[in-house]
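Student: Sharing my_file.txt below, compact mmCIF, C-alpha atoms:
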# COMPACT_ATOMS: atom_id res chain seq x y z
CA MET O 137 46.62 64.45 65.21
CA HIS O 138 49.70 63.78 67.33
CA GLU O 139 50.63 60.72 65.27
CA MET O 140 49.94 62.53 61.99
CA ILE O 141 52.21 65.46 62.90
CA ASN O 142 54.97 63.11 64.06
CA TRP O 143 54.65 61.18 60.79
CA LEU O 144 54.84 64.39 58.76
CA LEU O 145 57.86 65.58 60.76
CA SER O 146 59.55 62.27 60.03
CA THR O 147 58.53 62.33 56.36
CA ILE O 148 59.54 65.92 55.74
CA GLY O 149 62.71 65.43 57.75
CA SER O 150 63.73 62.39 55.69
CA MET O 151 62.56 63.64 52.26
CA GLY O 152 63.57 67.25 52.82
CA TYR O 153 62.31 69.96 50.52
CA PRO O 154 60.98 67.50 47.90
CA GLY O 155 58.73 66.11 50.65
CA ILE O 156 57.20 69.55 51.23
CA PHE O 157 56.77 70.00 47.47
CA ILE O 158 55.05 66.63 47.00
CA LEU O 159 52.77 66.94 50.04
CA MET O 160 51.67 70.47 49.09
CA ALA O 161 51.09 69.38 45.48
CA MET O 162 48.83 66.64 46.84
CA GLU O 163 47.10 69.15 49.14
CA SER O 164 46.45 71.52 46.26
CA SER O 165 44.87 68.85 44.08
CA VAL O 166 42.08 66.52 45.17
CA ILE O 167 44.13 64.43 47.64
CA PRO O 168 43.13 65.42 51.20
CA VAL O 169 46.48 66.32 52.78
CA PRO O 170 45.76 69.40 54.96
CA SER O 171 48.29 72.20 54.48
CA GLU O 172 47.80 72.97 58.17
CA LEU O 173 49.61 69.70 58.90
CA VAL O 174 52.38 70.14 56.32
CA MET O 175 53.77 73.67 56.56
CA PRO O 176 53.86 74.07 60.39
CA PRO O 177 56.11 70.97 60.76
CA ALA O 178 58.33 72.42 58.03
CA GLY O 179 58.50 75.66 60.02
CA TYR O 180 59.36 73.70 63.16
CA LEU O 181 62.22 71.93 61.37
CA ALA O 182 63.43 75.34 60.17
CA HIS O 183 63.43 76.54 63.77
CA GLN O 184 65.52 73.49 64.69
CA GLY O 185 68.05 74.46 62.03
CA GLU O 186 67.31 71.42 59.87
CA MET O 187 65.76 73.47 57.06
CA ASN O 188 65.65 76.99 55.68
CA ILE O 189 62.22 78.49 56.23
CA TRP O 190 62.22 80.53 53.02
CA ILE O 191 63.16 77.54 50.88
CA SER O 192 60.43 75.56 52.70
CA ILE O 193 57.88 78.26 51.85
CA LEU O 194 59.11 78.37 48.26
CA MET O 195 58.80 74.59 47.87
CA GLY O 196 55.35 74.59 49.49
CA THR O 197 54.17 77.37 47.19
CA ALA O 198 55.63 75.68 44.10
CA GLY O 199 54.00 72.40 45.09
CA SER O 200 50.67 74.20 45.48
CA LEU O 201 50.99 75.56 41.93
CA VAL O 202 51.74 72.12 40.48
CA GLY O 203 48.78 70.57 42.29
CA ALA O 204 46.56 73.43 41.15
CA TYR O 205 47.63 72.86 37.55
CA ALA O 206 46.77 69.17 37.84
CA ASN O 207 43.18 70.20 38.61
CA TYR O 208 43.28 72.97 36.01
CA PHE O 209 44.26 70.70 33.12
CA ALA O 210 41.96 67.87 34.22
CA ALA O 211 39.04 70.30 34.27
CA HIS O 212 40.09 71.97 31.03
CA TYR O 213 40.41 68.80 28.98
CA LEU O 214 37.82 66.61 30.71
CA GLY O 215 35.44 68.87 32.61
CA ARG O 216 34.27 71.22 29.90
CA PRO O 217 33.21 68.55 27.38
CA LEU O 218 31.46 66.61 30.15
CA VAL O 219 29.57 69.67 31.38
CA ILE O 220 28.46 70.65 27.88
CA ARG O 221 27.46 67.08 26.98
CA TYR O 222 25.80 65.94 30.20
CA GLY O 223 25.05 69.17 32.05
CA ARG O 224 21.48 69.32 30.78
CA TYR O 225 20.70 66.22 32.86
CA VAL O 226 21.43 68.22 36.03
CA TRP O 227 19.86 71.46 34.80
CA ILE O 228 23.13 73.02 33.59
CA THR O 229 22.27 74.28 30.14
CA GLU O 230 24.91 75.49 27.71
CA HIS O 231 23.55 79.02 28.21
CA LYS O 232 23.99 78.82 32.01
CA PHE O 233 27.45 77.34 31.56
CA ALA O 234 28.40 80.19 29.21
CA LYS O 235 27.33 82.73 31.86
CA VAL O 236 29.44 81.02 34.54
CA GLU O 237 32.36 80.80 32.13
CA SER O 238 32.01 84.49 31.25
CA PHE O 239 31.91 85.43 34.95
CA PHE O 240 35.12 83.53 35.68
CA LEU O 241 36.88 84.99 32.66
CA ARG O 242 36.01 88.50 33.95
CA HIS O 243 36.67 87.85 37.65
CA GLY O 244 39.03 84.89 37.58
CA GLU O 245 41.97 86.74 39.12
CA ILE O 246 40.25 87.74 42.36
CA SER O 247 38.45 84.38 42.51
CA THR O 248 41.68 82.42 42.14
CA PHE O 249 43.62 84.54 44.64
CA ILE O 250 40.96 84.43 47.36
CA GLY O 251 40.17 80.78 46.63
CA ARG O 252 43.77 79.82 47.44
CA LEU O 253 43.35 81.29 50.92
CA LEU O 254 40.12 79.57 51.90
CA PRO O 255 39.65 76.04 53.30
CA VAL O 256 38.02 73.54 50.92
CA VAL O 257 37.78 76.20 48.19
CA ARG O 258 41.53 76.04 47.62
CA HIS O 259 41.18 72.42 46.48
CA LEU O 260 38.43 73.29 44.00
CA ILE O 261 39.12 76.79 42.65
CA SER O 262 41.38 75.46 39.88
CA ILE O 263 38.48 73.51 38.38
CA PRO O 264 36.39 76.50 37.20
CA ALA O 265 39.62 78.20 36.12
CA GLY O 266 40.45 75.20 33.95
CA ILE O 267 36.94 74.88 32.55
CA ALA O 268 36.89 78.59 31.69
CA GLY O 269 40.37 78.39 30.17
CA MET O 270 41.77 81.17 32.35
CA ASN O 271 45.00 82.70 31.04
CA HIS O 272 47.92 80.56 32.23
CA LEU O 273 50.12 83.46 33.32
CA ARG O 274 47.36 85.09 35.34
CA PHE O 275 46.33 81.76 36.83
CA SER O 276 49.94 81.10 37.86
CA LEU O 277 50.51 84.55 39.34
CA TYR O 278 47.34 84.64 41.43
CA THR O 279 47.73 81.02 42.52
CA LEU O 280 51.32 81.71 43.59
CA ALA O 281 50.27 84.87 45.44
CA GLY O 282 47.47 83.19 47.40
CA ALA O 283 49.37 79.97 48.07
CA GLY O 284 52.52 81.91 49.01
CA ILE O 285 50.69 83.94 51.64
CA TRP O 286 49.05 80.84 53.14
CA CYS O 287 52.27 78.78 53.16
CA THR O 288 54.12 81.69 54.79
CA ILE O 289 51.54 82.06 57.56
CA LEU O 290 51.54 78.34 58.37
CA ALA O 291 55.32 77.98 58.21
CA TRP O 292 55.86 80.82 60.68
CA ILE O 293 53.23 79.36 63.00
CA GLY O 294 55.29 76.17 63.11
CA TYR O 295 58.52 78.14 63.47
CA PHE O 296 57.38 80.01 66.58
CA ILE O 297 55.18 77.35 68.18
CA GLY O 298 57.25 74.22 67.54
CA ARG O 299 55.60 70.84 67.74
CA GLU O 300 52.85 71.73 70.23
CA GLN O 301 49.93 70.19 68.35
CA ALA O 302 47.18 71.91 70.33
CA LEU O 303 48.71 75.33 69.75
CA ILE O 304 49.31 74.62 66.07
CA VAL O 305 45.65 73.69 65.64
CA LYS O 306 44.55 76.74 67.66
CA TYR O 307 46.61 79.26 65.72
CA SER O 308 45.92 77.58 62.37
CA HIS O 309 42.19 78.00 63.06
CA GLN O 310 42.80 81.63 63.99
CA ALA O 311 44.76 82.07 60.76
CA VAL O 312 41.81 80.63 58.80
CA ILE O 313 39.44 83.09 60.50
CA GLY O 314 41.86 85.92 59.72
CA VAL O 315 42.13 85.09 56.01
CA VAL O 316 38.34 84.67 55.75
CA ILE O 317 37.88 88.19 57.18
CA PHE O 318 40.63 89.53 54.91
CA SER O 319 39.01 87.82 51.91
CA ALA O 320 35.58 89.27 52.75
CA LEU O 321 37.07 92.76 52.96
CA LEU O 322 38.96 92.26 49.70
CA VAL O 323 35.81 91.07 47.91
CA SER O 324 33.90 94.07 49.28
CA VAL O 325 36.52 96.47 47.96
CA TYR O 326 36.61 94.64 44.62
CA VAL O 327 32.82 94.75 44.22
CA TRP O 328 32.76 98.43 45.20
CA ARG O 329 35.41 99.27 42.61
CA GLN O 330 33.59 97.23 39.95
CA LYS O 331 30.32 99.06 40.63
CA ARG O 332 32.11 102.39 40.68
CA GLY O 333 33.76 101.56 37.36
CA ASP O 334 30.44 100.51 35.82
CA GLY O 335 28.87 103.69 37.09
When written as structure tokens, how does the structure in this file appear?

Tutor:
Amino acid sequence: MHEMINWLLSTIGSMGYPGIFILMAMESSVIPVPSELVMPPAGYLAHQGEMNIWISILMGTAGSLVGAYANYFAAHYLGRPLVIRYGRYVWITEHKFAKVESFFLRHGEISTFIGRLLPVVRHLISIPAGIAGMNHLRFSLYTLAGAGIWCTILAWIGYFIGREQALIVKYSHQAVIGVVIFSALLVSVYVWRQKRGDG
């Protein structure tokens, strides 16, 4: 962890804002670069006066969108035909796929937004969005909203804590717990409003 953070500090410090953009694009796709080890060092460098924290957050958020679109288009152009053609071999019938697709088309906004906040899910949420062919503008807006919140939280953790790895890990874990609770509450409110609307 110590060596990884030092390497990221060096990389981001030498590459600047494009380094944040590239690393967060990788993190948002299928390449396992944890955002918890990218944005806090950027925040630390902002605290040192070597970067602007808001530009760092902007670049991290933009990189997240680009990485998300890489998954989106891969799933849209490759995933859907594969699922329809071979899904029956793993008990995914075209009827079941249509139901999942219909669900995501109806609830894709909340799914995309919350998915961007959650560990592991944020790497995968673009895949069902791409398969379902979610509207590009809505996909972009909700991806930017979720990724922007997460990048902001992590960047400010780095800004206030510095390069204390143990504290970064501690508060990053607390941030994850916080967004999970927030997401659960948001889903509860969303489901309640949906049921109320149906009623």

Student: Would you kindly return, as a list in words, each protein, DNA or RNA residue with an atom no farther than 10 Å from any atom of Tyr295 of chain O, considering all atoms listed in the file and excluding same-chain residues fewer than 2 positions away?

Tutor: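 The residues satisfying every condition are Met175, Pro176, Pro177, Ala178, Gly179, Tyr180, Leu181, Ala182, His183, Gln184, Ile189, Ile289, Leu290, Ala291, Trp292, Ile293, Ile297, Gly298 and Arg299 of chain O.
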
Student: Mind checking which residues fall within 12 Å of Val169 of chain O, counting all atoms listed in the file, ignoring those fewer than 3 positions away in the same chain, and posting them as a PyMOL selection string?

Tutor: chain O and resi 140-141+144+156+158-166+172-175+200+203+255-256+259

Student: Which is closer to Met151 of chain O than all the others in O:Val315, O:Arg252, O:Met187, O:Ser238, using all atoms listed in the file?

Tutor: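 Once distances to Met151 of chain O are computed over all atoms listed in the file, the minimum belongs to O:Met187.
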
Student: Mind giving me the straight-line distance from atom CA of Phe157 of chain O to atom CA of Leu277 of chain O in Å, one decimal?

Tutor: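 Separation of atom CA of Phe157 of chain O and atom CA of Leu277 of chain O: 17.8 Å.
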
Student: Would you please work out which residue, of O:Leu194, O:Ile246, O:Val202, O:Ala211, is nearest to Ile263 of chain O when using all atoms listed in the file?

Tutor: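 Looking only at the distances to Ile263 of chain O, the closest residue turns out to be O:Ala211.
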
Student: Atom CA of His243 of chain O to atom CA of Pro264 of chain O: how many Å, to one decimal?

Tutor: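 Taking atom CA of His243 of chain O and atom CA of Pro264 of chain O, their separation equals 11.4 Å.
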
Student: For the atom pair atom CA of Ala320 of chain O and atom CA of Leu254 of chain O, what is the interatomic distance in Å to one decimal place?

Tutor: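 Pair atom CA of Ala320 of chain O / atom CA of Leu254 of chain O returns 10.7 Å.
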
Student: His272 of chain O: which residues within 12 Å, counting all atoms listed in the file, same-chain residues fewer than 2 positions away excluded, as a PDB file with C-alpha atoms, keeping the file's coordinate frame?

Tutor:
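Output file selection36.pdb follows:
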ATOM      1  CA  LEU O 201      50.990  75.560  41.930  1.00  0.00           C
ATOM      2  CA  ALA O 204      46.560  73.430  41.150  1.00  0.00           C
ATOM      3  CA  TYR O 205      47.630  72.860  37.550  1.00  0.00           C
ATOM      4  CA  TYR O 208      43.280  72.970  36.010  1.00  0.00           C
ATOM      5  CA  PHE O 209      44.260  70.700  33.120  1.00  0.00           C
ATOM      6  CA  HIS O 212      40.090  71.970  31.030  1.00  0.00           C
ATOM      7  CA  LEU O 241      36.880  84.990  32.660  1.00  0.00           C
ATOM      8  CA  GLY O 244      39.030  84.890  37.580  1.00  0.00           C
ATOM      9  CA  GLU O 245      41.970  86.740  39.120  1.00  0.00           C
ATOM     10  CA  THR O 248      41.680  82.420  42.140  1.00  0.00           C
ATOM     11  CA  SER O 262      41.380  75.460  39.880  1.00  0.00           C
ATOM     12  CA  ALA O 265      39.620  78.200  36.120  1.00  0.00           C
ATOM     13  CA  GLY O 266      40.450  75.200  33.950  1.00  0.00           C
ATOM     14  CA  ALA O 268      36.890  78.590  31.690  1.00  0.00           C
ATOM     15  CA  GLY O 269      40.370  78.390  30.170  1.00  0.00           C
ATOM     16  CA  MET O 270      41.770  81.170  32.350  1.00  0.00           C
ATOM     17  CA  ARG O 274      47.360  85.090  35.340  1.00  0.00           C
ATOM     18  CA  PHE O 275      46.330  81.760  36.830  1.00  0.00           C
ATOM     19  CA  SER O 276      49.940  81.100  37.860  1.00  0.00           C
ATOM     20  CA  LEU O 277      50.510  84.550  39.340  1.00  0.00           C
ATOM     21  CA  TYR O 278      47.340  84.640  41.430  1.00  0.00           C
ATOM     22  CA  THR O 279      47.730  81.020  42.520  1.00  0.00           C
ATOM     23  CA  LEU O 280      51.320  81.710  43.590  1.00  0.00           C
TER      24      LEU O 280
END

Student: Which of these residues is nearest to Met195 of chain O, using only C-alpha atoms: O:Arg242, O:Arg258, O:Cys287, O:Leu214?

Tutor: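 Comparing O:Arg242, O:Arg258, O:Cys287, O:Leu214 against Met195 of chain O, the winner is O:Cys287.
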
Student: Which one is closest to Leu322 of chain O: O:Leu273, O:Ile191, O:Ile250, O:Ala206? Count all atoms listed in the file.

Tutor: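 Checking each of O:Leu273, O:Ile191, O:Ile250, O:Ala206 against Leu322 of chain O, counting all atoms listed in the file, the winner is O:Ile250.
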
Student: With 3 Å added on each side, what axis-aligned box encloses every listed atom of segment 157-166 of chain O? Give the centre and edge lengths in Å to one decimal, as lines of an AutoDock Vina configuration file.

Tutor:
center_x = 49.4
center_y = 69.0
center_z = 47.1
size_x = 20.7
size_y = 11.0
size_z = 12.0
